[in-house]
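Single-structure report; data block below.
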There are 2 protein chains.
Amino acid sequence: MEFRLALIGFGVVGRGFTEILVRKQEYLQRKYGLKVKYVGICDIKYGSVVSHEGLDPAKALETVKSGGTLEKHLNGVKGLNALEFIELSNADVVVEATWTNLEVGEPGLTHIKKALNAGKHVITTNKGPIALAFKELDSLAKSKGVKLLFSGTVMSGTPSIRTLIRGLAGCYVSEVAGILNGTTNYILTKMEEGLSFNEALRDAQLRGYAEADPTMDVDAWDPAAKIVILANIAFGSDIKPKDVIREGIRNVTLDNIKDALRRGKRVKLVARAWIDDGGIRAKVTPEEVDVNSFFGQVGGTVNAVMYRTDSLGDVYLIGRGAGGEEAGQAVLADLIELTL
Amino acid sequence: MEFRLALIGFGVVGRGFTEILVRKQEYLQRKYGLKVKYVGICDIKYGSVVSHEGLDPAKALETVKSGGTLEKHLNGVKGLNALEFIELSNADVVVEATWTNLEVGEPGLTHIKKALNAGKHVITTNKGPIALAFKELDSLAKSKGVKLLFSGTVMSGTPSIRTLIRGLAGCYVSEVAGILNGTTNYILTKMEEGLSFNEALRDAQLRGYAEADPTMDVDAWDPAAKIVILANIAFGSDIKPKDVIREGIRNVTLDNIKDALRRGKRVKLVARAWIDDGGIRAKVTPEEVDVNSFFGQVGGTVNAVMYRTDSLGDVYLIGRGAGGEEAGQAVLADLIELTL
């Protein structure tokens, strides 16, 4: 199957995806019959180019790597904003990989609506729109007869969402719990080694795991959005990030961590959603978990999720939860799903 | 989507599946648009009944539970052997859930071929035919334009195969490793508590985890078949169970286990397949794994698998690996996949 693909956002995720696609071109065609033609790239920093005949994604990567802009080095229609870009594009798949905003979901939310309304499949790694408006977007996609896929929004390429939707198809899920934020898990792991919260945070920032403003992670907004996404799939609910009881790790002290370890426990920032008297509850809080448990063994930036099911008991999926290549792989798996 | 389903094998798996289907009928129709009409059940013990108009699966369950035979209590054409049963059936899906034979794959292998040749989708939980003849059966299914699904052959309902095929779609996998046999893992866990191999085996037999003749498990034939199935999917290879280096747990002593524990290790029966100089290697052997690792935390009858990938590093899936309801759930997930 051949797709005409338009990419919005040529940052870490958009480039990570493009790199995989360029590298695996032949393999993807042989194994999945997948061919991809880039018909546009749009980025707030590198400019936008639309070409119905196709762009060279390898050239786009080189251009940006060598400090150039897409508008200067690629051929096509230039200077469009994202909405004009979608409108003018002949893409059948739009990949939305702009930055995350958990308050209003913009600009991703508008991009996704625009693309779905234009009858295009949408693949996104953008947590904001999915956490805030999954039900609405899912209905819109269905009414237009197109797919909305968003694997990369939770645990990046580690297939937490596909496992829930496909792997556990037919199960009743009564609870979802996870270590869904690698940055805070890294900080907590470093604190076990004796670093203070501030030292561990600085270490995470130096390694690029934490942002200069770390509030999305340490105040648990990011895992709150992720548990909302998983809960709404698992339970068919429509909860929002503001419904999540949320306590980050700023108040976790070295003493808390040492004391827990003495009792065979580790402090982890656990996101949890469950069915309670007909309602859906969700929270993200520091929890003490047994060292001798799967969550207890999740160290550093690794992520994990547990689905509590009727027929299978507890099912765990564990793997990396961030990174450009990892998110790119999530987009690729979604694209392959469109061929099936 | 409505399926006419014929079931071969009304043992633990066939009944486990049927129970879920009866219980979740409304839910499955609402959530997946899935409707199932049983048009035949065939069992070596309970007899066979074919009815193009449909059988009542709840009545079939009750009949067997109260000690009756299907031939006596259900209406339809009776007395057919499995091949005549497939031939006469108007099913579009055949579920093959007879017993496992890892030497020649029969009678499942012949059933599956017959059904595929008749243009019917096949869902099976039967390891033998898939371990011995996946490539041939997969080609046959493709040439007939039908699907061959076999989730339940490895880790039962815990979606090890769907994660590999769908969840990790697009990844290169260079190694697969797993604790794929719950019986031996249970025995090894009990030996950590101080039981001898023979005591632990007897305990597993009393609980129904091990057969009277435990050789499939303790001599590692079962996990060898499973690692073959996973390897052939992961690597596109065509290795056979006889290609697997195989050492069971009969020679693991209490001293081995205690000595390992003193060094922070646990003895686990690990199945492993990997790419080595262009060839595919596979083995199932007792290995010492760190207590502080995901495999080290897999106790009792729980199963686990690890996929080593290019874009995501190591991805772990952990859950139950046996049981009638678990295998029934695997069949159900496969059936839902047919609707997608």
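Starting from 1 in every chain, residues are counted up; chains themselves are A, B, ... following the order of the structure tokens, and ligands are numbered from 1 as listed.
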
Find the residues of chain B in contact range of chain A, meaning any atom within 7 Å when counting only C-alpha atoms, and list them as a PyMOL selection string. chain B and resi 157-159+162-163+167-170+292-294+297+311-312+314-320+325-326+329+332-333+336

Need to verify the contact set: Val50 in chain A, 8 Å, only C-alpha atoms, exclusion of same-chain residues closer than 4 positions in sequence. Can you return it as a ChimeraX atom specification? /A:39-41,76-78,85,88-89

For those residues, write C-alpha atoms to a file as a tab-separated table (two decimals), in the first residue's frame.
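Now in again.tsv:
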```
chain	number	residue	atom	x	y	z
A	39	VAL	CA	4.06	15.23	0.11
A	40	GLY	CA	4.77	17.91	2.67
A	41	ILE	CA	6.67	18.86	5.82
A	76	GLY	CA	7.35	22.98	-3.66
A	77	VAL	CA	4.79	25.46	-2.40
A	78	LYS	CA	6.21	27.37	0.52
A	85	PHE	CA	-0.62	23.28	4.63
A	88	LEU	CA	-3.45	22.27	0.21
A	89	SER	CA	-1.92	18.84	0.84
```

Spatial neighbours of Gln205 in chain A, 12 Å, only C-alpha atoms, chain gap at least 3 places, as a VMD selection string: chain A and resid 183 to 184 186 to 187 198 to 202 208 to 214 217 to 218

Could you save the residues just selected, with C-alpha atoms, as a tab-separated table (two decimals), in the first residue's frame?
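Output saved as out.tsv:
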```
chain	number	residue	atom	x	y	z
A	183	THR	CA	12.20	11.55	33.94
A	184	THR	CA	10.76	11.22	37.43
A	186	TYR	CA	15.26	8.49	36.68
A	187	ILE	CA	15.30	11.13	39.44
A	198	ASN	CA	17.72	18.94	43.25
A	199	GLU	CA	20.96	17.16	42.39
A	200	ALA	CA	19.09	14.35	40.65
A	201	LEU	CA	16.96	16.83	38.74
A	202	ARG	CA	20.04	18.69	37.57
A	208	GLY	CA	18.43	15.78	28.37
A	209	TYR	CA	15.83	13.70	30.25
A	210	ALA	CA	14.29	16.74	31.96
A	211	GLU	CA	13.35	20.12	30.54
A	212	ALA	CA	14.71	23.43	31.84
A	213	ASP	CA	11.22	23.88	33.29
A	214	PRO	CA	10.63	20.40	34.71
A	217	ASP	CA	7.35	15.79	34.72
A	218	VAL	CA	8.03	16.43	38.40
```

So which one's closest to Val302 in chain B, B:Asn181, B:Ser237, B:Thr110, B:Val270? Using only C-alpha atoms, please.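 Among the listed residues, the smallest separation from Val302 in chain B belongs to B:Asn181.
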
Mind the document's chain letters and residue numbers, and return as number ranges by chain the residues of range 3-209 of chain B that DSSP labels helix (DSSP H, G or I). B: 12-23, 25-32, 57-65, 70-73, 82-88, 108-117, 127-144, 151-153, 160-167, 182-192, 197-206

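Considering only C-alpha atoms, the residue among A:Asn232, A:Asn256, A:Thr125, A:Asn185 positioned nearest to Asn303 in chain A is A:Asn185.
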
Would you mind listing what lies within 10 Å of Glu193 in chain A as a list of chain:residue names, with only C-alpha atoms counted and same-chain residues fewer than 3 positions away left out?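 The contact residues come out as A:Ile187, A:Leu188, A:Thr189, A:Lys190, A:Ser196, A:Ala200, A:Leu254, A:Ile257, A:Lys258.
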
Same residues, C-alpha atoms, saved as a tab-separated table (two decimals), in the first residue's frame:
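Contents of result-v3.tsv, freshly written:
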```
chain	number	residue	atom	x	y	z
A	187	ILE	CA	15.30	11.13	39.44
A	188	LEU	CA	13.92	8.68	42.01
A	189	THR	CA	16.47	6.05	40.94
A	190	LYS	CA	19.29	8.57	41.35
A	196	SER	CA	19.13	14.96	46.64
A	200	ALA	CA	19.09	14.35	40.65
A	254	LEU	CA	16.02	11.18	50.66
A	257	ILE	CA	13.52	6.73	49.99
A	258	LYS	CA	16.07	5.30	52.45
```

Residue set, range 11-142 of chain A restricted to strand (DSSP E), as an mmCIF file with N, CA and C atoms, in the first residue's frame:
```cif
data_model
loop_
_atom_site.group_PDB
_atom_site.id
_atom_site.type_symbol
_atom_site.label_atom_id
_atom_site.label_comp_id
_atom_site.auth_asym_id
_atom_site.auth_seq_id
_atom_site.Cartn_x
_atom_site.Cartn_y
_atom_site.Cartn_z
ATOM 1 N N LYS A 35 4.754 1.589 1.049
ATOM 2 C CA LYS A 35 5.531 2.635 0.372
ATOM 3 C C LYS A 35 5.016 3.980 0.847
ATOM 4 N N VAL A 36 5.948 4.890 1.119
ATOM 5 C CA VAL A 36 5.554 6.198 1.642
ATOM 6 C C VAL A 36 6.124 7.295 0.756
ATOM 7 N N LYS A 37 5.243 8.180 0.320
ATOM 8 C CA LYS A 37 5.705 9.370 -0.400
ATOM 9 C C LYS A 37 5.444 10.589 0.471
ATOM 10 N N TYR A 38 6.505 11.323 0.827
ATOM 11 C CA TYR A 38 6.334 12.574 1.577
ATOM 12 C C TYR A 38 5.783 13.634 0.629
ATOM 13 N N VAL A 39 4.622 14.165 0.960
ATOM 14 C CA VAL A 39 4.063 15.227 0.111
ATOM 15 C C VAL A 39 4.033 16.569 0.826
ATOM 16 N N GLY A 40 4.675 16.625 1.996
ATOM 17 C CA GLY A 40 4.772 17.908 2.672
ATOM 18 C C GLY A 40 5.377 17.771 4.052
ATOM 19 N N ILE A 41 6.155 18.775 4.450
ATOM 20 C CA ILE A 41 6.666 18.862 5.818
ATOM 21 C C ILE A 41 6.440 20.294 6.270
ATOM 22 N N CYS A 42 5.957 20.428 7.484
ATOM 23 C CA CYS A 42 5.613 21.745 8.002
ATOM 24 C C CYS A 42 6.188 21.854 9.405
ATOM 25 N N ASP A 43 6.965 22.878 9.648
ATOM 26 C CA ASP A 43 7.571 23.020 10.972
ATOM 27 C C ASP A 43 7.682 24.499 11.314
ATOM 28 N N GLY A 47 10.150 25.940 8.571
ATOM 29 C CA GLY A 47 9.296 26.340 7.459
ATOM 30 C C GLY A 47 8.491 25.185 6.892
ATOM 31 N N SER A 48 7.688 25.458 5.879
ATOM 32 C CA SER A 48 6.832 24.414 5.332
ATOM 33 C C SER A 48 6.947 24.330 3.823
ATOM 34 N N VAL A 49 6.876 23.107 3.330
ATOM 35 C CA VAL A 49 6.931 22.855 1.892
ATOM 36 C C VAL A 49 5.873 21.817 1.552
ATOM 37 N N VAL A 50 5.090 22.087 0.540
ATOM 38 C CA VAL A 50 4.113 21.122 0.042
ATOM 39 C C VAL A 50 4.478 20.786 -1.397
ATOM 40 N N SER A 51 4.489 19.489 -1.712
ATOM 41 C CA SER A 51 4.722 19.096 -3.099
ATOM 42 C C SER A 51 3.878 17.872 -3.408
ATOM 43 N N HIS A 52 2.911 18.017 -4.268
ATOM 44 C CA HIS A 52 2.064 16.870 -4.613
ATOM 45 C C HIS A 52 2.858 15.758 -5.279
ATOM 46 N N GLU A 53 3.967 16.107 -5.889
ATOM 47 C CA GLU A 53 4.781 15.098 -6.576
ATOM 48 C C GLU A 53 5.712 14.361 -5.620
ATOM 49 N N GLY A 54 5.928 14.946 -4.441
ATOM 50 C CA GLY A 54 6.771 14.273 -3.464
ATOM 51 C C GLY A 54 8.059 15.014 -3.166
ATOM 52 N N LEU A 55 8.483 14.923 -1.907
ATOM 53 C CA LEU A 55 9.733 15.513 -1.429
ATOM 54 C C LEU A 55 10.694 14.384 -1.112
ATOM 55 N N VAL A 77 5.492 24.244 -2.821
ATOM 56 C CA VAL A 77 4.793 25.458 -2.404
ATOM 57 C C VAL A 77 5.221 25.785 -0.977
ATOM 58 N N LYS A 78 5.621 27.004 -0.762
ATOM 59 C CA LYS A 78 6.208 27.372 0.524
ATOM 60 C C LYS A 78 5.419 28.446 1.242
ATOM 61 N N VAL A 93 -2.398 10.557 4.702
ATOM 62 C CA VAL A 93 -2.052 10.435 6.130
ATOM 63 C C VAL A 93 -1.341 11.696 6.591
ATOM 64 N N VAL A 94 -1.826 12.272 7.676
ATOM 65 C CA VAL A 94 -1.125 13.390 8.309
ATOM 66 C C VAL A 94 -0.515 12.898 9.618
ATOM 67 N N VAL A 95 0.792 13.108 9.775
ATOM 68 C CA VAL A 95 1.455 12.796 11.046
ATOM 69 C C VAL A 95 1.600 14.097 11.825
ATOM 70 N N GLU A 96 0.948 14.143 12.981
ATOM 71 C CA GLU A 96 0.994 15.350 13.817
ATOM 72 C C GLU A 96 1.995 15.117 14.937
ATOM 73 N N HIS A 121 -6.322 10.177 7.247
ATOM 74 C CA HIS A 121 -5.925 9.473 8.468
ATOM 75 C C HIS A 121 -4.966 10.356 9.257
ATOM 76 N N VAL A 122 -5.026 10.240 10.584
ATOM 77 C CA VAL A 122 -4.099 11.004 11.423
ATOM 78 C C VAL A 122 -3.339 10.058 12.349
ATOM 79 N N ILE A 123 -2.033 10.229 12.371
ATOM 80 C CA ILE A 123 -1.180 9.548 13.350
ATOM 81 C C ILE A 123 -0.535 10.644 14.184
ATOM 82 N N THR A 124 -0.645 10.520 15.511
ATOM 83 C CA THR A 124 -0.050 11.562 16.338
ATOM 84 C C THR A 124 0.694 10.970 17.524
#
```

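Excluding Ala271 in chain A itself and any same-chain residue fewer than 5 positions from it, the protein and nucleic acid residues within 8 Å of it, counting only C-alpha atoms, are Ala177, Gly178, Ile179, Leu180, Pro223, Ala224, Ile227, Ala282, Lys283, Val284 and Thr285 of chain A.
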
Please save N, CA and C atoms of the selected residues as a PDB file, in the first residue's frame.
```
ATOM      1  N   ALA A 177      -2.325   0.505  35.769  1.00  0.00           N
ATOM      2  CA  ALA A 177      -1.343   1.194  36.603  1.00  0.00           C
ATOM      3  C   ALA A 177      -0.028   1.233  35.859  1.00  0.00           C
ATOM      4  N   GLY A 178       0.729   2.309  36.054  1.00  0.00           N
ATOM      5  CA  GLY A 178       1.977   2.363  35.321  1.00  0.00           C
ATOM      6  C   GLY A 178       2.996   3.327  35.889  1.00  0.00           C
ATOM      7  N   ILE A 179       4.237   3.048  35.547  1.00  0.00           N
ATOM      8  CA  ILE A 179       5.318   4.018  35.742  1.00  0.00           C
ATOM      9  C   ILE A 179       5.504   4.630  34.370  1.00  0.00           C
ATOM     10  N   LEU A 180       4.869   5.775  34.144  1.00  0.00           N
ATOM     11  CA  LEU A 180       4.683   6.283  32.786  1.00  0.00           C
ATOM     12  C   LEU A 180       5.540   7.506  32.483  1.00  0.00           C
ATOM     13  N   PRO A 223       2.477  12.185  33.295  1.00  0.00           N
ATOM     14  CA  PRO A 223       1.843  10.879  33.532  1.00  0.00           C
ATOM     15  C   PRO A 223       0.333  10.975  33.763  1.00  0.00           C
ATOM     16  N   ALA A 224      -0.143  12.142  34.246  1.00  0.00           N
ATOM     17  CA  ALA A 224      -1.593  12.310  34.400  1.00  0.00           C
ATOM     18  C   ALA A 224      -2.274  12.261  33.032  1.00  0.00           C
ATOM     19  N   ILE A 227      -2.209   8.552  31.850  1.00  0.00           N
ATOM     20  CA  ILE A 227      -3.157   7.633  32.480  1.00  0.00           C
ATOM     21  C   ILE A 227      -4.584   7.952  32.010  1.00  0.00           C
ATOM     22  N   ALA A 282      -8.818   8.181  38.916  1.00  0.00           N
ATOM     23  CA  ALA A 282      -7.435   8.177  38.444  1.00  0.00           C
ATOM     24  C   ALA A 282      -6.576   9.039  39.344  1.00  0.00           C
ATOM     25  N   LYS A 283      -5.342   8.600  39.547  1.00  0.00           N
ATOM     26  CA  LYS A 283      -4.408   9.397  40.346  1.00  0.00           C
ATOM     27  C   LYS A 283      -2.979   9.111  39.903  1.00  0.00           C
ATOM     28  N   VAL A 284      -2.130  10.086  40.159  1.00  0.00           N
ATOM     29  CA  VAL A 284      -0.687   9.871  40.000  1.00  0.00           C
ATOM     30  C   VAL A 284      -0.049  10.345  41.285  1.00  0.00           C
ATOM     31  N   THR A 285       0.555   9.415  42.010  1.00  0.00           N
ATOM     32  CA  THR A 285       1.147   9.758  43.304  1.00  0.00           C
ATOM     33  C   THR A 285       2.395   8.913  43.542  1.00  0.00           C
TER      34      THR A 285
END
```

Excluding same-chain residues fewer than 2 positions from Thr100 in chain B, what lies within 8 Å of it counting only C-alpha atoms, as a ChimeraX atom specification? /B:98,102,105-106,108,126-128

May I have the selected residues written with C-alpha atoms, as a PDB file, in the first residue's frame?
```pdb
ATOM      1  CA  THR B  98      -7.248 -30.504  19.973  1.00  0.00           C
ATOM      2  CA  LEU B 102       5.165 -31.989  18.880  1.00  0.00           C
ATOM      3  CA  GLY B 105       1.618 -32.229  14.798  1.00  0.00           C
ATOM      4  CA  GLU B 106      -1.330 -34.572  14.289  1.00  0.00           C
ATOM      5  CA  GLY B 108      -4.239 -30.800  14.368  1.00  0.00           C
ATOM      6  CA  ASN B 126      -2.315 -26.017  19.091  1.00  0.00           C
ATOM      7  CA  LYS B 127       1.461 -25.579  19.284  1.00  0.00           C
ATOM      8  CA  GLY B 128       2.390 -28.689  17.307  1.00  0.00           C
TER       9      GLY B 128
END
```

Between CA of Leu206 in chain A and CA of Trp221 in chain A, measure the distance and give it in Å to one decimal. 21.2 Å

Can you list, as a VMD selection string, every protein, DNA or RNA residue that comes within 7 Å of Leu34 in chain B when you count only C-alpha atoms, leaving out same-chain residues fewer than 5 positions away? chain B and resid 1 to 2 28 to 29

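The coordinates place CA of Lys65 in chain A at 12.9 Å from CA of Lys45 in chain A.
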
Straight-line distance linking CA of Val12 in chain A with CA of Pro57 in chain A, stated in Å to one decimal: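 Going from CA of Val12 in chain A over to CA of Pro57 in chain A, I get 14.6 Å.
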